[in-house]
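Asks: Got a structure here, written out as structure tokens. Questions coming.
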Amino acid sequence: SQLAAISAAVSSSVALIQGPPGTGKTATAIKILQQWVKQSWEILRGRKTALLATSDSNIAVDNLVEGLARAGVRVVRLGRPEAARPELLEYCADEIAAKACGVARLSELKDAAKQRARDEVHRAIERAEVVCCTAVGAGSAMLGDYTFPRILMDEASQATEPASIVPICKGSRQVCLLGDHCQLPPTVSSDLATKGGPGGFLPGEDGYPFANAGHQRLQRNMRRLPAMDIAPGGTP
């Protein structure tokens with residue numbers, strides 16, 4: 001089922017991949033991004049274009065960064081360095097820029113040096129094959145001049161529709177949404193907004209917003225213990 005999902009994401013303009021817990025959604029996402037990188041030499045040749053991998057939470061973004069780095073993909077993470085795990089700071093654009101400017105944090109720079117810091121951030125983005133950030137972070141002014149023809153969103157069912165639209169509006173021609181609408185819904189603090197219905201962007205099987213989207217469901221539980229196959233309620 002993972003191979004079918006990867007194939008659908010590579011060949012479809014819009015792919016929806018549902019993965020119950022333990023079925024390897026993030027691992028599948030990494031494989032999809034690897035395949036996209038191989039197909040995107042023309043896109044990656046441009047200075048202001050790259051592939052975009054997003055999620056609603058910083059934790060999920062960190063998981064994407066970690067998986068891509070292990071796979072040998074040139075990746076950069078946008079956003080506040082303090083929101084990233086310490087072992088992933090070397091992939092954070094702000095940390096890369098701070099190191100190039102000879103400071104521990106960009107906040108230490110004086111006004112005259114801030115333009116160089118911005119230039120270093122842009123260089124880090126332009127060297128990357130995949131840019132990782134939160135869905136809302138894709139709307140950062142830093143990315144105002146960039147386009148992302150291929151966009152992947154992990155844990156898409158946990159993002160509200162307005163948040164999901166932000167990265168999709170960055171020039172996407174191919175979109176892959178991974179998630180599971182049977183797990184955690186989006187976090188919406190406003191009762192009024194909840195009643196208005198800004199739900200997740202990955203609905204159930206009866207309500208897809210994309211008529212021609214390739215829907216795939218990951219079947220194999222990668223965390224499954226053999227004993228579960230003989231336990232009451234377990235299915236082989």
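Every chain in the structure tokens has a letter given in the order shown (A, B, ...), and although residue numbers restart at 1 in each chain, ligands are simply numbered from 1 in the order shown.
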Run DSSP on the backbone of this structure and report the residues of stretch 55-202 of chain A it assigns to strand (DSSP E), as a ChimeraX atom specification.
Replies: /A:55,75-77,130-134,150-154,174-179
Asks: Would you export the selected residues with N, CA and C atoms as a short mmCIF file (atom, residue, chain, number, x, y, z; two decimals), in the first residue's frame, please?
Replies:
data_model
loop_
_atom_site.label_atom_id
_atom_site.label_comp_id
_atom_site.auth_asym_id
_atom_site.auth_seq_id
_atom_site.Cartn_x
_atom_site.Cartn_y
_atom_site.Cartn_z
N SER A 55 3.67 21.01 7.58
CA SER A 55 2.72 20.37 8.48
C SER A 55 2.20 21.46 9.40
N VAL A 75 18.10 19.81 2.65
CA VAL A 75 16.89 20.34 3.28
C VAL A 75 17.23 21.53 4.15
N VAL A 76 16.30 22.48 4.21
CA VAL A 76 16.44 23.62 5.11
C VAL A 76 15.11 23.81 5.83
N ARG A 77 15.22 24.17 7.12
CA ARG A 77 14.02 24.39 7.92
C ARG A 77 13.85 25.86 8.21
N VAL A 130 14.58 20.75 -0.70
CA VAL A 130 13.28 20.77 -0.03
C VAL A 130 13.32 21.79 1.10
N VAL A 131 12.32 22.66 1.12
CA VAL A 131 12.15 23.63 2.19
C VAL A 131 11.07 23.11 3.13
N CYS A 132 11.35 23.07 4.43
CA CYS A 132 10.39 22.60 5.42
C CYS A 132 9.97 23.75 6.34
N CYS A 133 8.68 23.85 6.58
CA CYS A 133 8.16 24.86 7.50
C CYS A 133 6.74 24.49 7.87
N THR A 134 6.16 25.19 8.83
CA THR A 134 4.77 24.96 9.15
C THR A 134 3.91 25.51 8.01
N ARG A 150 5.72 21.80 -6.22
CA ARG A 150 5.32 20.54 -5.60
C ARG A 150 5.30 20.72 -4.08
N ILE A 151 4.14 20.42 -3.49
CA ILE A 151 3.94 20.67 -2.07
C ILE A 151 3.40 19.42 -1.40
N LEU A 152 4.02 19.05 -0.30
CA LEU A 152 3.55 17.92 0.51
C LEU A 152 3.20 18.43 1.90
N MET A 153 2.03 18.02 2.39
CA MET A 153 1.61 18.38 3.74
C MET A 153 1.38 17.11 4.55
N ASP A 154 2.17 16.94 5.61
CA ASP A 154 2.01 15.80 6.51
C ASP A 154 1.03 16.18 7.62
N GLN A 174 1.41 20.42 -8.06
CA GLN A 174 1.25 19.05 -7.60
C GLN A 174 1.21 19.09 -6.07
N VAL A 175 0.18 18.45 -5.49
CA VAL A 175 -0.04 18.52 -4.05
C VAL A 175 -0.28 17.12 -3.52
N CYS A 176 0.33 16.81 -2.39
CA CYS A 176 0.09 15.54 -1.70
C CYS A 176 -0.24 15.84 -0.24
N LEU A 177 -1.40 15.38 0.21
CA LEU A 177 -1.84 15.56 1.59
C LEU A 177 -1.86 14.20 2.28
N LEU A 178 -1.16 14.09 3.40
CA LEU A 178 -1.13 12.87 4.19
C LEU A 178 -1.74 13.13 5.56
N GLY A 179 -2.49 12.18 6.07
CA GLY A 179 -3.07 12.34 7.39
C GLY A 179 -4.08 11.25 7.68
#
Asks: As a PyMOL selection string, please: every residue in stretch 120-190 of chain A that a backbone DSSP assignment puts in alpha helix (DSSP H).
Replies: chain A and resi 120-127+161-168
Asks: Selected residues, N, CA, C and O atoms, written as a CSV table (one decimal), in the first residue's frame, please.
Replies:
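So part-v3.csv came out as:
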chain,number,residue,atom,x,y,z
A,120,GLU,N,22.0,35.7,3.7
A,120,GLU,CA,22.4,34.3,4.0
A,120,GLU,C,21.3,33.4,4.2
A,120,GLU,O,21.4,32.2,3.8
A,121,VAL,N,20.2,33.9,4.7
A,121,VAL,CA,19.0,33.0,4.8
A,121,VAL,C,18.5,32.6,3.4
A,121,VAL,O,18.2,31.5,3.1
A,122,HIS,N,18.5,33.6,2.5
A,122,HIS,CA,18.1,33.3,1.1
A,122,HIS,C,19.0,32.3,0.4
A,122,HIS,O,18.6,31.4,-0.3
A,123,ARG,N,20.3,32.5,0.7
A,123,ARG,CA,21.3,31.5,0.1
A,123,ARG,C,21.0,30.1,0.6
A,123,ARG,O,21.1,29.1,-0.1
A,124,ALA,N,20.7,30.0,1.9
A,124,ALA,CA,20.4,28.7,2.5
A,124,ALA,C,19.1,28.1,1.8
A,124,ALA,O,19.1,26.9,1.5
A,125,ILE,N,18.1,28.9,1.6
A,125,ILE,CA,16.9,28.4,0.9
A,125,ILE,C,17.2,28.0,-0.5
A,125,ILE,O,16.7,26.9,-1.0
A,126,GLU,N,18.0,28.8,-1.2
A,126,GLU,CA,18.3,28.5,-2.6
A,126,GLU,C,19.1,27.3,-2.8
A,126,GLU,O,19.1,26.6,-3.9
A,127,ARG,N,19.9,26.9,-1.8
A,127,ARG,CA,20.8,25.7,-1.9
A,127,ARG,C,19.9,24.5,-1.6
A,127,ARG,O,20.4,23.4,-2.0
A,161,GLU,N,-8.6,24.4,7.3
A,161,GLU,CA,-8.6,24.7,5.9
A,161,GLU,C,-7.8,26.0,5.6
A,161,GLU,O,-7.0,26.0,4.6
A,162,PRO,N,-8.1,27.1,6.3
A,162,PRO,CA,-7.3,28.3,6.0
A,162,PRO,C,-5.8,28.1,6.1
A,162,PRO,O,-5.1,28.6,5.3
A,163,ALA,N,-5.3,27.3,7.1
A,163,ALA,CA,-3.9,27.1,7.3
A,163,ALA,C,-3.4,26.3,6.1
A,163,ALA,O,-2.3,26.5,5.6
A,164,SER,N,-4.1,25.3,5.6
A,164,SER,CA,-3.7,24.4,4.6
A,164,SER,C,-3.6,25.2,3.2
A,164,SER,O,-2.8,24.8,2.4
A,165,ILE,N,-4.4,26.2,3.1
A,165,ILE,CA,-4.4,26.9,1.8
A,165,ILE,C,-3.2,27.7,1.6
A,165,ILE,O,-2.7,28.0,0.5
A,166,VAL,N,-2.5,28.1,2.7
A,166,VAL,CA,-1.4,29.0,2.6
A,166,VAL,C,-0.3,28.4,1.7
A,166,VAL,O,0.2,29.0,0.8
A,167,PRO,N,0.2,27.2,2.0
A,167,PRO,CA,1.3,26.6,1.2
A,167,PRO,C,0.8,26.3,-0.2
A,167,PRO,O,1.6,26.4,-1.2
A,168,ILE,N,-0.5,25.9,-0.4
A,168,ILE,CA,-1.0,25.5,-1.7
A,168,ILE,C,-1.0,26.7,-2.6
A,168,ILE,O,-0.9,26.6,-3.8
Asks: Set the distance at 8 Å and use only C-alpha atoms: which residues neighbour stretch 35-45 of chain A once local chain neighbours fewer than 5 positions away are removed? I'd like the list as a list in words.
Replies: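 Skipping anything fewer than 5 positions along the chain leaves Val10, Ala50, Leu51, Glu129, Val130, Pro149 and Arg150 of chain A.
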Asks: Could you save those same residues with N, CA and C atoms as a PDB file, in the first residue's frame?
Replies:
ATOM      1  N   VAL A  10       3.289  10.603  -6.998  1.00  0.00           N
ATOM      2  CA  VAL A  10       4.223  10.991  -8.049  1.00  0.00           C
ATOM      3  C   VAL A  10       3.504  11.277  -9.361  1.00  0.00           C
ATOM      4  N   ALA A  50      11.691  25.628  -5.276  1.00  0.00           N
ATOM      5  CA  ALA A  50      12.117  24.427  -4.535  1.00  0.00           C
ATOM      6  C   ALA A  50      10.871  23.579  -4.292  1.00  0.00           C
ATOM      7  N   LEU A  51      11.050  22.469  -3.629  1.00  0.00           N
ATOM      8  CA  LEU A  51       9.923  21.666  -3.173  1.00  0.00           C
ATOM      9  C   LEU A  51       9.606  22.093  -1.741  1.00  0.00           C
ATOM     10  N   GLU A 129      17.010  21.539  -1.677  1.00  0.00           N
ATOM     11  CA  GLU A 129      16.094  20.858  -2.588  1.00  0.00           C
ATOM     12  C   GLU A 129      14.679  20.856  -2.032  1.00  0.00           C
ATOM     13  N   VAL A 130      14.576  20.751  -0.702  1.00  0.00           N
ATOM     14  CA  VAL A 130      13.278  20.767  -0.033  1.00  0.00           C
ATOM     15  C   VAL A 130      13.315  21.789   1.099  1.00  0.00           C
ATOM     16  N   PRO A 149       6.339  24.485  -6.817  1.00  0.00           N
ATOM     17  CA  PRO A 149       5.439  23.729  -7.700  1.00  0.00           C
ATOM     18  C   PRO A 149       4.953  22.413  -7.112  1.00  0.00           C
ATOM     19  N   ARG A 150       5.722  21.804  -6.222  1.00  0.00           N
ATOM     20  CA  ARG A 150       5.320  20.542  -5.600  1.00  0.00           C
ATOM     21  C   ARG A 150       5.301  20.722  -4.084  1.00  0.00           C
TER      22      ARG A 150
END
Asks: Can you pull out every residue within 12 Å of A:Gly72, counting only C-alpha atoms, but drop anything in the same chain fewer than 6 positions away, and send it as a CSV table (one decimal) with N, CA and C atoms, in the first residue's frame?
Replies:
chain,number,residue,atom,x,y,z
A,30,ILE,N,8.6,10.9,3.1
A,30,ILE,CA,10.0,11.1,2.8
A,30,ILE,C,10.3,10.4,1.4
A,31,LYS,N,9.7,9.2,1.2
A,31,LYS,CA,9.9,8.6,-0.1
A,31,LYS,C,9.3,9.4,-1.2
A,33,LEU,N,8.9,12.6,-1.3
A,33,LEU,CA,9.8,13.8,-1.6
A,33,LEU,C,11.1,13.4,-2.3
A,34,GLN,N,11.6,12.2,-2.0
A,34,GLN,CA,12.8,11.8,-2.7
A,34,GLN,C,12.5,11.6,-4.1
A,37,VAL,N,12.2,14.9,-5.8
A,37,VAL,CA,13.5,15.6,-6.0
A,37,VAL,C,14.2,15.0,-7.3
A,65,VAL,N,12.2,17.0,8.5
A,65,VAL,CA,13.6,17.5,8.3
A,65,VAL,C,14.5,16.3,8.6
A,66,GLU,N,14.3,15.6,9.7
A,66,GLU,CA,15.1,14.5,10.1
A,66,GLU,C,15.2,13.4,9.1
A,128,ALA,N,18.8,24.6,-1.0
A,128,ALA,CA,18.0,23.4,-0.6
A,128,ALA,C,17.2,22.9,-1.8
A,129,GLU,N,17.0,21.5,-1.7
A,129,GLU,CA,16.1,20.9,-2.6
A,129,GLU,C,14.7,20.9,-2.0
A,130,VAL,N,14.6,20.8,-0.7
A,130,VAL,CA,13.3,20.8,0.0
A,130,VAL,C,13.3,21.8,1.1
Asks: Quick check, in Å to one decimal: how far apart do atom CA of A:Ala27 and atom CA of A:Tyr146 lie?
Replies: 26.6 Å
Asks: So that I can see what lies close to A:Leu88, please list as a list in words the residues with an atom at most 9 Å from it, counting only C-alpha atoms and leaving out residues fewer than 2 positions away in the same chain.
Replies: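 Counting only the stated atoms, we get Asp62, Val65, Glu66, Arg77, Pro81, Ala84, Arg85, Pro86, Glu90, Tyr91 and Cys92 of chain A.
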Asks: I need the residues from that last selection saved to file as an mmCIF file, in the first residue's frame (with N, CA, C and O atoms), if you can.
Replies:
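Written file, out-v5.cif:
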data_model
loop_
_atom_site.group_PDB
_atom_site.id
_atom_site.type_symbol
_atom_site.label_atom_id
_atom_site.label_comp_id
_atom_site.auth_asym_id
_atom_site.auth_seq_id
_atom_site.Cartn_x
_atom_site.Cartn_y
_atom_site.Cartn_z
ATOM 1 N N ASP A 62 9.741 18.846 12.149
ATOM 2 C CA ASP A 62 11.029 18.284 12.574
ATOM 3 C C ASP A 62 11.202 16.855 12.072
ATOM 4 O O ASP A 62 12.297 16.458 11.636
ATOM 5 N N VAL A 65 12.161 17.012 8.457
ATOM 6 C CA VAL A 65 13.554 17.460 8.302
ATOM 7 C C VAL A 65 14.518 16.318 8.624
ATOM 8 O O VAL A 65 15.471 16.054 7.876
ATOM 9 N N GLU A 66 14.260 15.625 9.730
ATOM 10 C CA GLU A 66 15.131 14.529 10.136
ATOM 11 C C GLU A 66 15.160 13.421 9.084
ATOM 12 O O GLU A 66 16.228 12.919 8.719
ATOM 13 N N ARG A 77 15.217 24.175 7.116
ATOM 14 C CA ARG A 77 14.020 24.390 7.924
ATOM 15 C C ARG A 77 13.855 25.863 8.212
ATOM 16 O O ARG A 77 14.792 26.531 8.663
ATOM 17 N N PRO A 81 14.396 29.036 15.440
ATOM 18 C CA PRO A 81 15.250 27.894 15.819
ATOM 19 C C PRO A 81 14.830 27.248 17.137
ATOM 20 O O PRO A 81 14.961 26.037 17.308
ATOM 21 N N ALA A 84 12.603 24.224 16.955
ATOM 22 C CA ALA A 84 13.139 22.982 16.393
ATOM 23 C C ALA A 84 13.886 22.190 17.460
ATOM 24 O O ALA A 84 14.349 22.738 18.462
ATOM 25 N N ARG A 85 14.013 20.885 17.236
ATOM 26 C CA ARG A 85 14.790 20.056 18.145
ATOM 27 C C ARG A 85 16.270 20.446 18.048
ATOM 28 O O ARG A 85 16.763 20.772 16.960
ATOM 29 N N PRO A 86 17.002 20.407 19.159
ATOM 30 C CA PRO A 86 18.410 20.846 19.155
ATOM 31 C C PRO A 86 19.272 20.149 18.113
ATOM 32 O O PRO A 86 20.134 20.776 17.490
ATOM 33 N N GLU A 90 21.225 22.563 12.828
ATOM 34 C CA GLU A 90 22.138 22.776 11.698
ATOM 35 C C GLU A 90 21.395 22.921 10.374
ATOM 36 O O GLU A 90 21.966 23.394 9.385
ATOM 37 N N TYR A 91 20.113 22.532 10.344
ATOM 38 C CA TYR A 91 19.312 22.649 9.127
ATOM 39 C C TYR A 91 18.400 23.873 9.146
ATOM 40 O O TYR A 91 17.685 24.122 8.179
ATOM 41 N N CYS A 92 18.428 24.638 10.237
ATOM 42 C CA CYS A 92 17.586 25.829 10.363
ATOM 43 C C CYS A 92 18.234 27.007 9.633
ATOM 44 O O CYS A 92 19.410 27.316 9.851
#
Asks: Nearest to A:Ala113 among A:Ala69, A:Ala98, A:Gly137, A:Ala4, with distances taken over only C-alpha atoms: which residue is it?
Replies: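 Comparing A:Ala69, A:Ala98, A:Gly137, A:Ala4 against A:Ala113, the winner is A:Ala98.
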Asks: What does the structure give for the distance between atom CA of A:Glu95 and atom CA of A:Gln115, in Å to one decimal?
Replies: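 Separating atom CA of A:Glu95 from atom CA of A:Gln115 is a distance of 15.3 Å.
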Asks: Hey, what's within 12 Å of A:Arg118 if we count only C-alpha atoms and toss same-chain stuff fewer than 6 positions away? As a list in words, please?
Replies: Ala93, Asp94, Glu95, Ile96, Ala97, Ala98, Ala100, Cys101, Leu106, Leu109, Asp111, Ala112, Ala124, Ile125, Ala141, Met142 and Leu143 of chain A
Asks: Applying 8 Å and only C-alpha atoms, which residues near A:Ile6 remain after dropping the ones on its own chain fewer than 3 positions away? List them as a ChimeraX atom specification.
Replies: /A:2-3,9-10,28,31-32
Asks: Figure out the distance between atom CA of A:Ser157 and atom CA of A:Pro20, please, to one decimal in Å.
Replies: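 Separation between atom CA of A:Pro20 and atom CA of A:Ser157: 11.7 Å.
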Asks: So which one's closest to A:Thr26, A:Ala156, A:Phe148, A:Glu82, A:Val103? Using only C-alpha atoms, please.
Replies: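 Looking only at the distances to A:Thr26, the closest residue turns out to be A:Ala156.
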Asks: So which one's closest to A:Ser172, A:Gly144, A:Arg74, A:Glu155, A:Ser13? Using only C-alpha atoms, please.
Replies: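 Answer, going by the shortest atom-to-atom distance: A:Ser13.
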